[in-house]
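**Q** Got a file for you: coords-v7.txt, compact mmCIF, C-alpha atoms.
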# COMPACT_ATOMS: atom_id res chain seq x y z
CA MET A 1 0.00 0.00 0.00
CA SER A 2 1.40 3.41 -0.93
CA THR A 3 1.50 6.48 1.31
CA ALA A 4 -1.04 8.15 -0.98
CA ASP A 5 -3.51 5.38 -0.09
CA LEU A 6 -2.88 5.92 3.62
CA ASN A 7 -3.38 9.69 3.41
CA ALA A 8 -6.53 9.50 1.31
CA GLY A 9 -8.65 8.34 4.25
CA PRO A 10 -11.93 6.47 3.96
CA SER A 11 -14.13 7.04 0.98
CA PRO A 12 -17.03 9.42 1.68
CA PHE A 13 -19.29 6.64 0.43
CA ALA A 14 -17.78 3.87 2.55
CA ALA A 15 -20.20 1.18 3.69
CA HIS A 16 -20.69 2.66 7.16
CA ARG A 17 -21.60 6.02 5.62
CA ARG A 18 -24.39 4.49 3.57
CA HIS A 19 -26.14 3.26 6.71
CA THR A 20 -29.39 4.98 7.70
CA LEU A 21 -28.30 5.61 11.27
CA TRP A 22 -25.06 7.26 10.12
CA TRP A 23 -27.15 9.74 8.12
CA ALA A 24 -29.33 10.29 11.20
CA PHE A 25 -26.17 11.06 13.19
CA LEU A 26 -24.94 13.47 10.51
CA LEU A 27 -28.30 15.25 10.28
CA HIS A 28 -28.38 15.61 14.07
CA ARG A 29 -24.88 17.14 14.09
CA ILE A 30 -25.57 19.53 11.23
CA SER A 31 -28.91 20.65 12.69
CA GLY A 32 -27.20 21.32 16.02
CA LEU A 33 -24.50 23.43 14.35
CA LEU A 34 -27.03 25.43 12.35
CA LEU A 35 -29.19 26.02 15.41
CA ALA A 36 -26.12 27.22 17.29
CA LEU A 37 -25.40 29.67 14.46
CA PHE A 38 -28.98 30.93 14.67
CA LEU A 39 -28.83 31.74 18.40
CA PRO A 40 -26.98 35.08 18.13
CA PHE A 41 -29.63 36.36 15.73
CA HIS A 42 -32.34 35.21 18.11
CA PHE A 43 -30.68 37.11 20.96
CA LEU A 44 -30.40 40.18 18.72
CA VAL A 45 -34.16 40.13 18.15
CA LEU A 46 -34.77 39.70 21.86
CA GLY A 47 -32.55 42.74 22.39
CA LEU A 48 -34.77 44.70 20.00
CA ALA A 49 -37.73 43.90 22.21
CA ILE A 50 -35.88 45.33 25.20
CA GLU A 51 -34.97 48.53 23.32
CA GLY A 52 -38.54 49.40 22.56
CA SER A 53 -41.69 48.32 20.84
CA ALA A 54 -41.09 50.44 17.71
CA ARG A 55 -37.86 48.61 16.81
CA LEU A 56 -39.44 45.23 17.48
CA ASP A 57 -42.51 46.14 15.43
CA SER A 58 -40.33 47.15 12.49
CA PHE A 59 -38.49 43.83 12.70
CA LEU A 60 -41.76 41.91 12.90
CA ALA A 61 -43.02 43.76 9.81
CA TRP A 62 -39.83 42.73 8.00
CA ALA A 63 -40.24 39.14 9.25
CA ASP A 64 -43.67 38.94 7.62
CA ARG A 65 -42.08 38.53 4.18
CA PRO A 66 -42.51 35.19 2.34
CA LEU A 67 -38.77 34.47 2.18
CA VAL A 68 -38.46 34.97 5.93
CA LYS A 69 -41.42 32.63 6.49
CA LEU A 70 -39.66 30.04 4.36
CA ALA A 71 -36.49 30.47 6.43
CA GLU A 72 -38.55 30.08 9.62
CA THR A 73 -39.92 26.84 8.17
CA GLY A 74 -36.34 25.65 7.76
CA LEU A 75 -35.69 26.61 11.36
CA VAL A 76 -38.69 24.60 12.55
CA PHE A 77 -37.42 21.67 10.47
CA LEU A 78 -33.99 21.95 12.11
CA LEU A 79 -35.57 22.09 15.56
CA ALA A 80 -37.73 19.05 14.86
CA VAL A 81 -34.80 17.10 13.37
CA HIS A 82 -32.59 17.94 16.33
CA MET A 83 -35.28 17.03 18.86
CA ALA A 84 -36.03 13.73 17.10
CA GLY A 85 -32.31 12.97 16.86
CA GLY A 86 -31.88 13.68 20.55
CA LEU A 87 -34.77 11.37 21.41
CA ARG A 88 -33.20 8.71 19.19
CA LEU A 89 -29.92 9.07 21.09
CA LEU A 90 -31.73 8.78 24.41
CA ALA A 91 -33.40 5.60 23.22
CA LEU A 92 -30.05 4.30 22.03
CA GLU A 93 -28.48 4.97 25.42
CA LEU A 94 -31.32 3.75 27.62
CA LEU A 95 -32.89 0.88 25.66
CA ALA A 96 -31.51 -2.36 24.33
CA TRP A 97 -30.53 -2.40 20.66
CA ARG A 98 -33.23 -3.54 18.28
CA SER A 99 -33.09 -3.98 14.53
CA TRP A 100 -36.07 -1.66 14.08
CA GLN A 101 -34.11 1.40 15.21
CA LYS A 102 -33.39 2.23 11.56
CA ASN A 103 -37.13 2.54 11.08
CA VAL A 104 -37.37 4.84 14.09
CA ALA A 105 -34.77 7.12 12.49
CA ALA A 106 -36.86 7.26 9.31
CA ILE A 107 -40.00 7.99 11.34
CA ALA A 108 -38.15 10.79 13.15
CA ALA A 109 -37.16 12.34 9.81
CA GLY A 110 -40.77 12.07 8.65
CA PHE A 111 -41.90 13.76 11.86
CA ALA A 112 -39.48 16.63 11.23
CA VAL A 113 -40.73 17.12 7.68
CA CYS A 114 -44.37 17.04 8.85
CA ALA A 115 -43.67 19.58 11.60
CA ALA A 116 -42.00 21.94 9.14
CA LEU A 117 -44.83 21.57 6.62
CA LEU A 118 -47.45 22.21 9.28
CA PHE A 119 -45.60 25.37 10.30
CA LEU A 120 -45.37 26.47 6.68
CA LEU A 121 -49.09 25.97 6.16
CA SER A 122 -49.94 27.88 9.33
CA ALA A 123 -47.55 30.72 8.41
CA TRP A 124 -49.42 31.48 5.20
Let's see the structure in the file written out as C-alpha cells.

**A**
Amino acid sequence: MSTADLNAGPSPFAAHRRHTLWWAFLLHRISGLLLALFLPFHFLVLGLAIEGSARLDSFLAWADRPLVKLAETGLVFLLAVHMAGGLRLLALELLAWRSWQKNVAAIAAGFAVCAALLFLLSAW
C-alpha cells in the first residue's frame, strides 16, 4: 500500500456512511450546528424587544415577508430534526438495541418534515 492510499482516508461513500443511522447522526450534528449559528440572531431580536416596541414592530413587519417565512420553516425543520435525533440518542443509550431502530430514524425524519410543513401551512 502506498502512502497516498494511507493519506486519502476512507471514501465518503464507505459502507458505514451508507447506513441509515449514520445519516441520522450526521443530520443531528448539522442541525445542532445550524441552530447554534442561529442563536446570536435570536438574541439580537430579543434585544430589539428590550430597546422598545417600535424597533421590534419594524423587525416583525420585516419578518412577515414570504422568504423569511420560508427560512422560519427551515428553522422549525432543524428544531424538529434535532429534537427527534436527541430522542433517538436517548433511546439508544437507555434501551436495548433492536433492529427496528433504523425505522425509528426514518420515522423521526418524517416527523421533522411534517412539523416543518405544518408550520409552513400555518404561516401562510

**Q** List as a list in words the protein and nucleic acid residues near A:Ile30, meaning an atom at most 12 Å away when only C-alpha atoms are counted, but skip any in the same chain fewer than 5 places from it.

**A**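 In the requested format, the answer is Trp23, Ala24, Phe25, Leu35, Ala36, Leu37, Leu78, Leu79, Val81, His82 and Gly85 of chain A.
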
**Q** Report, in Å with one decimal, the straight-line distance from atom CA of A:Asp64 to atom CA of A:Ala112.

**A**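 According to the coordinates, atom CA of A:Asp64 and atom CA of A:Ala112 are separated by 23.0 Å.
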
**Q** Just to confirm, what's the straight-line distance from atom CA of A:Glu51 to atom CA of A:Leu75 in Å (one decimal)?

**A**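 Between these atoms lies a distance of 25.0 Å.
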
**Q** So how far away is atom CA of A:Leu120 from atom CA of A:His28, in Å?

**A** 21.5 Å

**Q** Name all residues at most 10 Å from A:Gly110 (count only C-alpha atoms; drop same-chain ones fewer than 5 positions away) and give them as a ChimeraX atom specification.

**A** /A:80-81,84,104-105,115-116

**Q** May I ask which of the residues A:Cys114, A:Ala96, A:Met83, A:Ala108 is the closest one to A:Leu21, counting all atoms listed in the file?

**A**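 Between A:Cys114, A:Ala96, A:Met83, A:Ala108, the residue approaching A:Leu21 most closely is A:Ala108.
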